[in-house]
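**Student:** Provided herewith: protein_9.cif, mmCIF, C-alpha atoms.
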```
data_run
loop_
_atom_site.label_atom_id
_atom_site.label_comp_id
_atom_site.auth_asym_id
_atom_site.auth_seq_id
_atom_site.Cartn_x
_atom_site.Cartn_y
_atom_site.Cartn_z
CA MET A 52 119.96 -51.10 -149.07
CA ILE A 53 118.12 -50.87 -152.41
CA GLU A 54 115.85 -47.94 -153.30
CA ARG A 55 112.48 -48.96 -154.70
CA LYS A 56 110.75 -46.96 -157.45
CA ASP A 57 108.42 -45.39 -154.86
CA GLY A 58 111.43 -44.19 -152.85
CA ALA A 59 111.16 -46.81 -150.10
CA MET A 60 114.40 -48.44 -148.94
CA CYS A 61 114.58 -52.24 -148.94
CA LEU A 62 116.89 -54.84 -147.46
CA THR A 63 116.13 -57.47 -150.06
CA ALA A 64 116.18 -57.55 -153.83
CA LYS A 65 112.69 -59.04 -153.81
CA CYS A 66 111.26 -56.14 -151.78
CA ALA A 67 112.80 -53.64 -154.19
CA GLY A 68 111.36 -55.41 -157.20
CA VAL A 69 114.85 -56.29 -158.43
CA ASN A 70 114.94 -59.70 -160.09
CA THR A 71 118.45 -61.10 -159.81
CA GLY A 72 117.31 -64.47 -161.13
CA MET A 73 119.11 -66.20 -158.26
CA LYS A 74 117.75 -69.67 -157.60
CA VAL A 75 119.05 -72.43 -155.36
CA LEU A 76 119.24 -75.59 -157.45
CA ARG A 77 117.37 -77.84 -155.02
CA GLU A 78 114.42 -77.22 -152.68
CA THR A 79 114.17 -80.32 -150.49
CA ILE A 80 116.19 -82.87 -148.55
CA THR A 81 115.14 -86.52 -148.70
CA SER A 82 114.31 -88.67 -145.67
CA GLU A 83 117.42 -90.74 -146.34
CA GLU A 84 119.56 -87.60 -146.34
CA TRP A 85 118.01 -86.41 -143.08
CA GLY A 86 118.87 -89.80 -141.60
CA ARG A 87 122.51 -89.35 -142.56
CA TYR A 88 122.52 -85.82 -141.16
CA ASP A 89 121.05 -86.99 -137.85
CA ARG A 90 123.69 -89.74 -137.64
CA ASP A 91 126.76 -87.79 -138.75
CA GLY A 92 125.96 -84.17 -137.84
CA TYR A 93 126.62 -82.94 -141.37
CA LEU A 94 125.31 -83.37 -144.90
CA ASN A 95 126.90 -82.45 -148.22
CA LEU A 96 124.05 -80.85 -150.16
CA GLY A 97 125.94 -80.90 -153.44
CA ARG A 98 125.66 -78.12 -155.98
CA VAL A 99 123.18 -75.44 -154.91
CA LEU A 100 124.34 -72.44 -156.98
CA ALA A 101 124.34 -72.10 -160.74
CA GLU A 102 127.47 -70.60 -162.32
CA ASP A 103 125.90 -67.15 -162.85
CA ASP A 104 124.62 -66.95 -159.27
CA LEU A 105 127.96 -68.12 -157.89
CA ALA A 106 129.71 -65.45 -159.95
CA MET A 107 127.36 -62.77 -158.57
CA LEU A 108 128.19 -63.69 -154.97
CA GLN A 109 131.92 -63.91 -155.72
CA GLU A 110 131.92 -60.48 -157.34
CA ARG A 111 129.77 -59.00 -154.60
CA ILE A 112 132.00 -60.12 -151.74
CA ASP A 113 135.12 -58.90 -153.55
CA ASP A 114 133.46 -55.52 -154.08
CA ILE A 115 132.61 -55.38 -150.37
CA MET A 116 136.21 -56.17 -149.41
CA LEU A 117 137.58 -53.60 -151.83
CA GLY A 118 135.23 -50.87 -150.61
CA LYS A 119 133.36 -50.60 -153.92
CA ALA A 120 129.95 -51.86 -152.78
CA GLU A 121 127.01 -49.57 -152.11
CA ILE A 122 126.40 -50.81 -148.59
CA ASP A 123 126.45 -49.26 -145.12
CA TYR A 124 129.84 -50.50 -143.93
CA ASP A 125 129.08 -49.31 -140.41
CA ARG A 126 126.58 -52.20 -140.15
CA LEU A 127 129.19 -54.83 -141.02
CA LEU A 128 131.57 -56.50 -138.58
CA MET A 129 134.86 -56.86 -140.45
CA GLN A 130 138.09 -58.61 -139.47
CA LEU A 131 141.42 -58.77 -141.31
CA ASP A 132 143.28 -62.05 -141.59
CA SER A 133 146.08 -63.03 -139.24
CA PRO A 134 149.52 -62.07 -140.63
CA ASP A 135 151.12 -65.27 -139.30
CA GLY A 136 148.23 -67.78 -139.28
CA LYS A 137 147.80 -67.67 -135.50
CA TYR A 138 144.21 -67.31 -134.31
CA GLU A 139 145.13 -64.89 -131.56
CA ASN A 140 146.79 -62.55 -134.07
CA ALA A 141 143.81 -62.07 -136.38
CA GLY A 142 142.73 -58.46 -136.73
CA GLN A 143 140.21 -56.82 -134.45
CA GLN A 144 136.63 -57.63 -135.39
CA SER A 145 134.76 -54.36 -135.37
CA ARG A 146 132.31 -52.38 -137.48
CA GLY A 147 133.46 -50.58 -140.58
CA HIS A 148 135.77 -51.01 -143.54
CA LYS A 149 139.42 -51.76 -142.77
CA GLY A 150 140.85 -50.84 -146.17
CA ALA A 151 140.69 -52.05 -149.76
CA THR A 152 142.17 -55.57 -149.60
CA LEU A 153 141.18 -59.15 -150.31
CA ALA A 154 142.87 -60.22 -147.07
CA TYR A 155 139.78 -60.13 -144.85
CA ARG A 156 139.24 -63.15 -142.63
CA LYS A 157 135.63 -62.53 -141.71
CA ILE A 158 132.80 -60.18 -142.68
CA GLN A 159 129.70 -60.57 -140.56
CA GLU A 160 126.09 -59.35 -140.72
CA LEU A 161 125.77 -59.87 -144.46
CA GLU A 162 122.03 -60.25 -143.99
CA HIS A 163 122.11 -56.46 -144.48
CA ASP A 164 123.34 -56.95 -148.06
CA PRO A 165 120.45 -57.51 -150.50
CA LEU A 166 122.15 -60.19 -152.60
CA PHE A 167 123.41 -62.30 -149.71
CA ARG A 168 120.08 -61.80 -147.93
CA GLU A 169 118.22 -63.17 -150.96
CA TYR A 170 120.38 -66.30 -150.94
CA THR A 171 119.94 -66.69 -147.17
CA GLU A 172 116.15 -66.83 -147.61
CA ALA A 173 116.12 -69.54 -150.32
CA PRO A 174 113.27 -72.13 -150.11
CA LEU A 175 115.70 -74.97 -149.38
CA PHE A 176 116.99 -73.21 -146.29
CA ARG A 177 113.45 -72.42 -145.20
CA GLN A 178 112.59 -76.12 -145.45
CA ILE A 179 115.66 -77.05 -143.40
CA CYS A 180 114.76 -74.54 -140.67
CA ALA A 181 111.19 -75.83 -140.54
CA ARG A 182 112.39 -79.38 -140.02
CA VAL A 183 114.90 -78.41 -137.29
CA TYR A 184 112.97 -75.71 -135.43
CA GLY A 185 109.35 -76.36 -136.38
CA ALA A 186 107.27 -74.89 -139.19
CA GLU A 187 105.73 -72.18 -136.99
CA THR A 188 108.95 -71.03 -135.33
CA PRO A 189 110.19 -67.58 -136.42
CA ILE A 190 113.73 -67.71 -137.80
CA ALA A 191 116.55 -65.21 -137.41
CA ALA A 192 120.12 -65.07 -138.63
CA PHE A 193 122.54 -65.39 -135.73
CA ARG A 194 125.41 -64.95 -138.15
CA ALA A 195 125.43 -64.45 -141.91
CA MET A 196 129.09 -64.14 -142.64
CA PHE A 197 131.85 -64.40 -145.19
CA MET A 198 134.74 -66.63 -144.13
CA ASN A 199 137.99 -66.35 -146.03
CA LYS A 200 141.43 -67.89 -146.17
CA PRO A 201 143.36 -65.68 -148.60
CA ALA A 202 145.92 -67.31 -150.87
CA ARG A 203 149.08 -68.25 -148.97
CA GLN A 204 147.53 -66.85 -145.79
CA GLY A 205 144.59 -67.90 -143.64
CA THR A 206 144.09 -68.27 -139.92
CA LEU A 207 144.21 -71.60 -138.12
CA LEU A 208 140.86 -72.10 -136.41
CA PRO A 209 141.13 -74.42 -133.36
CA TRP A 210 138.78 -77.30 -132.55
CA HIS A 211 135.43 -76.05 -131.33
CA GLN A 212 131.66 -76.37 -131.47
CA ASP A 213 129.50 -73.45 -132.64
CA ARG A 214 127.89 -72.77 -129.30
CA TRP A 215 127.49 -69.49 -127.43
CA ASN A 216 126.73 -69.53 -123.70
CA TYR A 217 125.11 -66.08 -123.59
CA LEU A 218 122.03 -67.21 -125.53
CA ASP A 219 118.93 -68.58 -123.79
CA ARG A 220 118.67 -71.37 -126.42
CA ASP A 221 121.20 -72.84 -128.79
CA PRO A 222 121.25 -72.14 -132.53
CA LEU A 223 121.45 -75.62 -134.05
CA ILE A 224 122.33 -75.37 -137.74
CA THR A 225 124.73 -73.69 -140.12
CA LEU A 226 124.62 -73.65 -143.93
CA TRP A 227 128.16 -73.38 -145.32
CA THR A 228 128.48 -72.52 -149.02
CA ALA A 229 131.79 -72.73 -150.89
CA LEU A 230 132.56 -69.74 -153.12
CA ASP A 231 135.94 -71.23 -154.06
CA PRO A 232 137.19 -74.81 -154.06
CA ALA A 233 137.53 -75.95 -150.44
CA THR A 234 140.42 -78.42 -150.42
CA ILE A 235 142.71 -80.00 -147.86
CA ALA A 236 145.55 -77.79 -149.09
CA ASN A 237 143.70 -74.48 -148.84
CA GLY A 238 142.13 -75.05 -145.44
CA CYS A 239 138.78 -76.79 -145.85
CA VAL A 240 136.71 -77.47 -142.75
CA GLN A 241 137.78 -80.58 -140.82
CA ILE A 242 135.08 -82.39 -138.83
CA ILE A 243 134.56 -85.32 -136.44
CA PRO A 244 131.42 -87.12 -137.72
CA GLY A 245 128.90 -87.95 -135.01
CA SER A 246 130.53 -85.67 -132.43
CA HIS A 247 127.36 -83.57 -132.17
CA LYS A 248 125.79 -86.43 -130.22
CA GLN A 249 128.13 -85.76 -127.29
CA GLY A 250 126.34 -82.52 -126.52
CA VAL A 251 128.21 -79.38 -125.50
CA ILE A 252 131.72 -80.43 -124.49
CA ASN A 253 133.04 -77.18 -122.99
CA PRO A 254 130.06 -75.13 -121.76
CA GLU A 255 132.36 -72.79 -119.81
CA HIS A 256 133.86 -71.33 -122.98
CA THR A 257 131.85 -68.44 -124.43
CA SER A 258 132.14 -69.77 -128.00
CA GLY A 259 132.48 -73.52 -127.49
CA PHE A 260 136.26 -73.88 -127.96
CA LEU A 261 137.84 -77.03 -126.56
CA ASN A 262 140.71 -77.01 -124.09
CA GLU A 263 143.84 -79.08 -124.75
CA THR A 264 142.65 -82.04 -122.69
CA GLN A 265 139.35 -82.13 -124.57
CA VAL A 266 141.15 -81.87 -127.92
CA GLN A 267 143.23 -84.94 -127.07
CA GLU A 268 140.15 -86.84 -125.91
CA HIS A 269 137.74 -86.05 -128.75
CA THR A 270 139.74 -85.36 -131.93
CA SER A 271 142.06 -88.27 -132.68
CA PRO A 272 143.42 -88.02 -136.25
CA ASP A 273 141.78 -91.26 -137.39
CA LYS A 274 138.33 -89.70 -136.82
CA ILE A 275 138.89 -86.57 -138.92
CA VAL A 276 136.98 -86.07 -142.17
CA TYR A 277 138.00 -83.29 -144.56
CA LEU A 278 134.90 -81.53 -145.86
CA THR A 279 136.06 -80.76 -149.39
CA LEU A 280 133.63 -78.87 -151.60
CA GLU A 281 133.54 -77.47 -155.11
CA PRO A 282 132.52 -73.84 -155.73
CA GLY A 283 128.73 -73.54 -155.49
CA GLU A 284 128.37 -76.63 -153.27
CA ALA A 285 127.02 -76.35 -149.73
CA ALA A 286 127.00 -78.36 -146.52
CA LEU A 287 124.51 -78.47 -143.67
CA LEU A 288 126.28 -78.61 -140.29
CA HIS A 289 124.96 -79.27 -136.80
CA ASN A 290 126.41 -76.55 -134.60
CA TRP A 291 127.65 -79.04 -132.01
CA LEU A 292 129.72 -80.89 -134.63
CA LEU A 293 133.39 -80.60 -133.71
CA HIS A 294 135.33 -78.78 -136.42
CA ARG A 295 138.48 -76.83 -137.18
CA SER A 296 140.36 -75.51 -140.23
CA ASP A 297 143.98 -74.96 -141.18
CA THR A 298 145.82 -72.20 -143.01
CA ASN A 299 145.91 -71.90 -146.80
CA ALA A 300 149.04 -73.31 -148.46
CA THR A 301 147.91 -72.62 -152.04
CA ASP A 302 147.59 -69.77 -154.51
CA ILE A 303 143.78 -70.11 -154.47
CA SER A 304 141.68 -68.31 -151.87
CA ARG A 305 139.12 -70.26 -149.86
CA ARG A 306 136.07 -68.00 -149.74
CA ALA A 307 132.82 -69.20 -148.20
CA PHE A 308 129.46 -67.87 -147.03
CA SER A 309 128.24 -69.28 -143.72
CA VAL A 310 124.77 -68.71 -142.23
CA CYS A 311 123.80 -69.81 -138.72
CA TYR A 312 119.99 -69.96 -138.44
CA MET A 313 118.39 -69.60 -135.01
CA ASP A 314 115.02 -69.53 -133.29
CA GLY A 315 113.86 -65.95 -133.81
CA ASP A 316 112.71 -65.66 -130.18
CA THR A 317 116.21 -66.28 -128.81
CA VAL A 318 117.31 -63.79 -126.16
CA ALA A 319 120.97 -62.84 -125.65
CA SER A 320 122.11 -61.85 -122.16
CA ASN A 321 124.59 -59.36 -123.68
CA GLY A 322 121.79 -57.45 -125.39
CA GLU A 323 122.59 -58.45 -128.98
CA GLN A 324 119.70 -58.20 -131.43
CA TYR A 325 119.28 -60.50 -134.43
CA THR A 326 117.69 -60.02 -137.83
CA ARG A 327 114.41 -61.85 -138.46
CA LEU A 328 114.24 -63.42 -141.89
CA LEU A 329 111.23 -62.64 -144.08
CA TRP A 330 109.55 -66.04 -144.19
#
```
Represent the structure of the file as structure tokens.
**Tutor:**
Amino acid sequence: MIERKDGAMCLTAKCAGVNTGMKVLRETITSEEWGRYDRDGYLNLGRVLAEDDLAMLQERIDDIMLGKAEIDYDRLLMQLDSPDGKYENAGQQSRGHKGATLAYRKIQELEHDPLFREYTEAPLFRQICARVYGAETPIAAFRAMFMNKPARQGTLLPWHQDRWNYLDRDPLITLWTALDPATIANGCVQIIPGSHKQGVINPEHTSGFLNETQVQEHTSPDKIVYLTLEPGEAALLHNWLLHRSDTNATDISRRAFSVCYMDGDTVASNGEQYTRLLW
């Protein structure tokens, strides 16, 4: 939260009258690019963050991990990385700070942080949401989260689609922004282009994870594309696109900020509430 001069508390830098100067470097996607996205289920947007803005987000997320940020930690879902790379051994994801360390795997609900919220509401992302959901559809953040593979650590994330069976409609898009280089060696996202066209493959799983038979059927090695990105670059992903990621075998962390945008009228059967974005 940021305190405005009149004493009011604000979620966003804009509301508080704080000018961070953050600006996404592009505002539109061309028709040709949309065609490639519709065909492949993903689109490399190229560089979207200037060096200064990238540095602000990098510093901010490190401050959050180290417990130095002025933020209500009880609003954040935080999870430590797996000690052995196995998905099932990652730390418990729960609210609150888990200690001053850069070895977090995931920090969720960053829409409550003014700087990350400002980036989440950039005009380019508004334009993408309008094209996918309709210009008049209210938009909410299903997840605005930091994803991390610490140096020489990281958790193997199995093949899955981003699909949750407790929602009355599916969130369809994720914007994934690299805060560090995302390389094959440090665990960049691996995808199967065009796999979104198959629809939901395992609707019985709460979070869209594939079983072993489905992995063998849908993810042959010759189909895999490694989504490598430079710091400050972003990718648009269809949520039904099959993807996974490996552990980090390098001395460079693989930090990223991932936002899943949803129809703001979505209802969750488990009672979860989602933050409307100020568009």
**Student:** Kindly provide the residues of region 148-238 of chain A that approach region 85-92 of chain A to within 12 Å, each paired with its closest atom pair and their distance in Å to one decimal, based on all atoms listed in the file, listed by chain and increasing number, as a tab-separated table.
**Tutor:**
```
residue	atom	partner	partner_atom	distance
A:Gln178	CA	A:Trp85	CA	11.9
A:Ile179	CA	A:Trp85	CA	9.7
A:Arg182	CA	A:Trp85	CA	9.5
A:Val183	CA	A:Trp85	CA	10.4
A:Gln212	CA	A:Gly92	CA	11.6
A:Leu223	CA	A:Gly92	CA	10.4
A:Ile224	CA	A:Gly92	CA	9.5
A:Thr225	CA	A:Gly92	CA	10.8
```
**Student:** Might you spell out which residues the PyMOL selection byres ((chain A and resi 144) around 12) would select in the displayed file, as a list in words?
**Tutor:**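 Residues picked by the PyMOL selection byres ((chain A and resi 144) around 12): Leu127, Leu128, Met129, Gln130, Leu131, Asp132, Ser133, Glu139, Asn140, Ala141, Gly142, Gln143, Ser145, Arg146, Gly147, His148, Lys149, Tyr155, Arg156, Lys157, Ile158, Gln159 and Glu160 of chain A.
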**Student:** Using C-alpha atoms, can you export the residues from the last selection as a PDB file, in the frame of the given file?
**Tutor:**
```pdb
ATOM      1  CA  LEU A 127     129.190 -54.830-141.020  1.00  0.00           C
ATOM      2  CA  LEU A 128     131.570 -56.500-138.580  1.00  0.00           C
ATOM      3  CA  MET A 129     134.860 -56.860-140.450  1.00  0.00           C
ATOM      4  CA  GLN A 130     138.090 -58.610-139.470  1.00  0.00           C
ATOM      5  CA  LEU A 131     141.420 -58.770-141.310  1.00  0.00           C
ATOM      6  CA  ASP A 132     143.280 -62.050-141.590  1.00  0.00           C
ATOM      7  CA  SER A 133     146.080 -63.030-139.240  1.00  0.00           C
ATOM      8  CA  GLU A 139     145.130 -64.890-131.560  1.00  0.00           C
ATOM      9  CA  ASN A 140     146.790 -62.550-134.070  1.00  0.00           C
ATOM     10  CA  ALA A 141     143.810 -62.070-136.380  1.00  0.00           C
ATOM     11  CA  GLY A 142     142.730 -58.460-136.730  1.00  0.00           C
ATOM     12  CA  GLN A 143     140.210 -56.820-134.450  1.00  0.00           C
ATOM     13  CA  SER A 145     134.760 -54.360-135.370  1.00  0.00           C
ATOM     14  CA  ARG A 146     132.310 -52.380-137.480  1.00  0.00           C
ATOM     15  CA  GLY A 147     133.460 -50.580-140.580  1.00  0.00           C
ATOM     16  CA  HIS A 148     135.770 -51.010-143.540  1.00  0.00           C
ATOM     17  CA  LYS A 149     139.420 -51.760-142.770  1.00  0.00           C
ATOM     18  CA  TYR A 155     139.780 -60.130-144.850  1.00  0.00           C
ATOM     19  CA  ARG A 156     139.240 -63.150-142.630  1.00  0.00           C
ATOM     20  CA  LYS A 157     135.630 -62.530-141.710  1.00  0.00           C
ATOM     21  CA  ILE A 158     132.800 -60.180-142.680  1.00  0.00           C
ATOM     22  CA  GLN A 159     129.700 -60.570-140.560  1.00  0.00           C
ATOM     23  CA  GLU A 160     126.090 -59.350-140.720  1.00  0.00           C
TER      24      GLU A 160
END
```
**Student:** Given only C-alpha atoms as the basis, pick out the residue of A:Asn262, A:Asp213, A:Asn253, A:Lys200 nearest to Gly238 (chain A).
**Tutor:**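 Closest candidate: A:Lys200.
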**Student:** Could you list, with a cut-off of 10 Å and counting all atoms listed in the file, the residues of region 106-192 of chain A near region 313-319 of chain A, each shown with its nearest atom pair and the distance in Å rounded to one decimal, rows sorted by chain and ascending number, as a tab-separated table?
**Tutor:**
```
residue	atom	partner	partner_atom	distance
A:Cys180	CA	A:Met313	CA	8.3
A:Val183	CA	A:Asp314	CA	9.7
A:Tyr184	CA	A:Asp314	CA	6.9
A:Gly185	CA	A:Asp314	CA	9.4
A:Thr188	CA	A:Asp314	CA	6.6
A:Pro189	CA	A:Gly315	CA	4.8
A:Ile190	CA	A:Gly315	CA	4.4
A:Ala191	CA	A:Gly315	CA	4.6
A:Ala192	CA	A:Met313	CA	6.1
```
**Student:** Which residue, A:Leu175, A:Leu293, A:Leu230, A:Leu218, has the smallest gap to Asp104 (chain A) when you use all atoms listed in the file?
**Tutor:**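 Nearest candidate to Asp104 (chain A) out of A:Leu175, A:Leu293, A:Leu230, A:Leu218: A:Leu230.
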**Student:** List, as an NGL selection string, every residue that the PyMOL selection byres ((chain A and resi 227) around 10) selects in the file provided.
**Tutor:** :A and (95-96 or 195-198 or 224-226 or 228-230 or 240 or 280 or 284-288 or 307-311)
**Student:** CA of Leu292 (chain A) to CA of His211 (chain A): how many Å, to one decimal?
**Tutor:**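 Going from CA of Leu292 (chain A) over to CA of His211 (chain A), I get 8.2 Å.
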**Student:** Give me the result of the PyMOL selection byres ((chain A and resi 243-249) around 8) on this file, residue by residue, as an mmCIF file with C-alpha atoms, in the frame of the given file.
**Tutor:**
```
data_model
loop_
_atom_site.group_PDB
_atom_site.id
_atom_site.type_symbol
_atom_site.label_atom_id
_atom_site.label_comp_id
_atom_site.auth_asym_id
_atom_site.auth_seq_id
_atom_site.Cartn_x
_atom_site.Cartn_y
_atom_site.Cartn_z
ATOM 1 C CA ARG A 90 123.690 -89.740 -137.640
ATOM 2 C CA ASP A 91 126.760 -87.790 -138.750
ATOM 3 C CA GLY A 92 125.960 -84.170 -137.840
ATOM 4 C CA TYR A 93 126.620 -82.940 -141.370
ATOM 5 C CA GLN A 241 137.780 -80.580 -140.820
ATOM 6 C CA ILE A 242 135.080 -82.390 -138.830
ATOM 7 C CA GLY A 250 126.340 -82.520 -126.520
ATOM 8 C CA VAL A 251 128.210 -79.380 -125.500
ATOM 9 C CA ILE A 252 131.720 -80.430 -124.490
ATOM 10 C CA THR A 270 139.740 -85.360 -131.930
ATOM 11 C CA LYS A 274 138.330 -89.700 -136.820
ATOM 12 C CA ILE A 275 138.890 -86.570 -138.920
ATOM 13 C CA VAL A 276 136.980 -86.070 -142.170
ATOM 14 C CA HIS A 289 124.960 -79.270 -136.800
ATOM 15 C CA ASN A 290 126.410 -76.550 -134.600
ATOM 16 C CA TRP A 291 127.650 -79.040 -132.010
ATOM 17 C CA LEU A 292 129.720 -80.890 -134.630
ATOM 18 C CA LEU A 293 133.390 -80.600 -133.710
ATOM 19 C CA HIS A 294 135.330 -78.780 -136.420
#
```
**Student:** For CA of Glu102 (chain A) and CA of Phe167 (chain A), determine how far apart the two atoms are, in Å to one decimal place.
**Tutor:**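 Taking CA of Glu102 (chain A) as the start and CA of Phe167 (chain A) as the end point, the length is 15.6 Å.
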**Student:** How many Å lie between CA of Thr171 (chain A) and CA of Tyr138 (chain A), rounded to one decimal?
**Tutor:** 27.5 Å
**Student:** Of the candidates A:Tyr277, A:Tyr312, A:Tyr217, A:Phe260, which shows the shortest atom-to-atom distance to Leu328 (chain A), using only C-alpha atoms?
**Tutor:** A:Tyr312
**Student:** Around (148.6, -72.6, -150.1) in the file's frame, which residues reach within 10 Å when counting only C-alpha atoms? Return as a list in words?
**Tutor:** Lys200, Pro201, Ala202, Arg203, Gln204, Gly205, Ile235, Ala236, Asn237, Gly238, Thr298, Asn299, Ala300, Thr301, Asp302, Ile303, Ser304 and Arg305 of chain A
**Student:** Of the candidates A:Met116, A:Leu94, A:Ile122, A:Leu166, which shows the shortest atom-to-atom distance to Met73 (chain A), using all atoms listed in the file?
**Tutor:**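 Closest to Met73 (chain A) of all the choices is A:Leu166.
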**Student:** Would you mind telling me which residue in A:Thr81, A:Thr234, A:Thr206, A:Ser296 lies nearest to Pro282 (chain A) when using only C-alpha atoms?
**Tutor:**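 With only C-alpha atoms as the atom set, the closest residue is A:Thr234.
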**Student:** Measuring atom to atom with only C-alpha atoms, identify which of A:Ile112, A:Ala173, A:Ala151, A:Ala120 is nearest to Leu76 (chain A).
**Tutor:**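 Answer, going by the shortest atom-to-atom distance: A:Ala173.
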**Student:** What lies within 10 Å of Glu263 (chain A) using all atoms listed in the file, ignoring chain neighbours under 4 positions off, as a list in words?
**Tutor:**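 Answer for this query is Trp210, Gln267 and Glu268 of chain A.
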**Student:** Output region 245-263 of chain A with N, CA and C atoms present, as a PDB file, in the coordinates of the input.
**Tutor:**
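Printed below is selection_25.pdb as written:
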```
ATOM      1  N   GLY A 245     129.594 -87.402-136.168  1.00  0.00           N
ATOM      2  CA  GLY A 245     128.900 -87.950-135.010  1.00  0.00           C
ATOM      3  C   GLY A 245     129.194 -87.255-133.696  1.00  0.00           C
ATOM      4  N   SER A 246     130.136 -86.314-133.689  1.00  0.00           N
ATOM      5  CA  SER A 246     130.530 -85.670-132.430  1.00  0.00           C
ATOM      6  C   SER A 246     129.433 -84.783-131.858  1.00  0.00           C
ATOM      7  N   HIS A 247     128.458 -84.400-132.675  1.00  0.00           N
ATOM      8  CA  HIS A 247     127.360 -83.570-132.170  1.00  0.00           C
ATOM      9  C   HIS A 247     126.531 -84.308-131.118  1.00  0.00           C
ATOM     10  N   LYS A 248     126.578 -85.636-131.157  1.00  0.00           N
ATOM     11  CA  LYS A 248     125.790 -86.430-130.220  1.00  0.00           C
ATOM     12  C   LYS A 248     126.339 -86.377-128.796  1.00  0.00           C
ATOM     13  N   GLN A 249     127.545 -85.867-128.627  1.00  0.00           N
ATOM     14  CA  GLN A 249     128.130 -85.760-127.290  1.00  0.00           C
ATOM     15  C   GLN A 249     127.602 -84.554-126.523  1.00  0.00           C
ATOM     16  N   GLY A 250     126.817 -83.721-127.173  1.00  0.00           N
ATOM     17  CA  GLY A 250     126.340 -82.520-126.520  1.00  0.00           C
ATOM     18  C   GLY A 250     127.444 -81.476-126.448  1.00  0.00           C
ATOM     19  N   VAL A 251     127.235 -80.463-125.631  1.00  0.00           N
ATOM     20  CA  VAL A 251     128.210 -79.380-125.500  1.00  0.00           C
ATOM     21  C   VAL A 251     129.361 -79.870-124.631  1.00  0.00           C
ATOM     22  N   ILE A 252     130.566 -79.844-125.171  1.00  0.00           N
ATOM     23  CA  ILE A 252     131.720 -80.430-124.490  1.00  0.00           C
ATOM     24  C   ILE A 252     132.356 -79.448-123.515  1.00  0.00           C
ATOM     25  N   ASN A 253     132.409 -78.171-123.864  1.00  0.00           N
ATOM     26  CA  ASN A 253     133.040 -77.180-122.990  1.00  0.00           C
ATOM     27  C   ASN A 253     132.098 -76.001-122.770  1.00  0.00           C
ATOM     28  N   PRO A 254     131.065 -76.187-121.945  1.00  0.00           N
ATOM     29  CA  PRO A 254     130.060 -75.130-121.760  1.00  0.00           C
ATOM     30  C   PRO A 254     130.619 -73.863-121.103  1.00  0.00           C
ATOM     31  N   GLU A 255     131.791 -73.967-120.477  1.00  0.00           N
ATOM     32  CA  GLU A 255     132.360 -72.790-119.810  1.00  0.00           C
ATOM     33  C   GLU A 255     132.918 -71.784-120.813  1.00  0.00           C
ATOM     34  N   HIS A 256     133.285 -72.252-121.995  1.00  0.00           N
ATOM     35  CA  HIS A 256     133.860 -71.330-122.980  1.00  0.00           C
ATOM     36  C   HIS A 256     132.742 -70.579-123.695  1.00  0.00           C
ATOM     37  N   THR A 257     132.902 -69.270-123.837  1.00  0.00           N
ATOM     38  CA  THR A 257     131.850 -68.440-124.430  1.00  0.00           C
ATOM     39  C   THR A 257     131.444 -68.922-125.815  1.00  0.00           C
ATOM     40  N   SER A 258     132.412 -69.409-126.610  1.00  0.00           N
ATOM     41  CA  SER A 258     132.140 -69.770-128.000  1.00  0.00           C
ATOM     42  C   SER A 258     132.386 -71.246-128.296  1.00  0.00           C
ATOM     43  N   GLY A 259     132.430 -72.082-127.283  1.00  0.00           N
ATOM     44  CA  GLY A 259     132.480 -73.520-127.490  1.00  0.00           C
ATOM     45  C   GLY A 259     133.838 -74.087-127.859  1.00  0.00           C
ATOM     46  N   PHE A 260     134.929 -73.358-127.635  1.00  0.00           N
ATOM     47  CA  PHE A 260     136.260 -73.880-127.960  1.00  0.00           C
ATOM     48  C   PHE A 260     136.690 -74.930-126.944  1.00  0.00           C
ATOM     49  N   LEU A 261     137.368 -75.967-127.424  1.00  0.00           N
ATOM     50  CA  LEU A 261     137.840 -77.030-126.560  1.00  0.00           C
ATOM     51  C   LEU A 261     139.174 -76.657-125.918  1.00  0.00           C
ATOM     52  N   ASN A 262     139.391 -77.155-124.693  1.00  0.00           N
ATOM     53  CA  ASN A 262     140.710 -77.010-124.090  1.00  0.00           C
ATOM     54  C   ASN A 262     141.612 -78.146-124.571  1.00  0.00           C
ATOM     55  N   GLU A 263     142.884 -78.107-124.218  1.00  0.00           N
ATOM     56  CA  GLU A 263     143.840 -79.080-124.750  1.00  0.00           C
ATOM     57  C   GLU A 263     143.489 -80.511-124.355  1.00  0.00           C
TER      58      GLU A 263
END
```
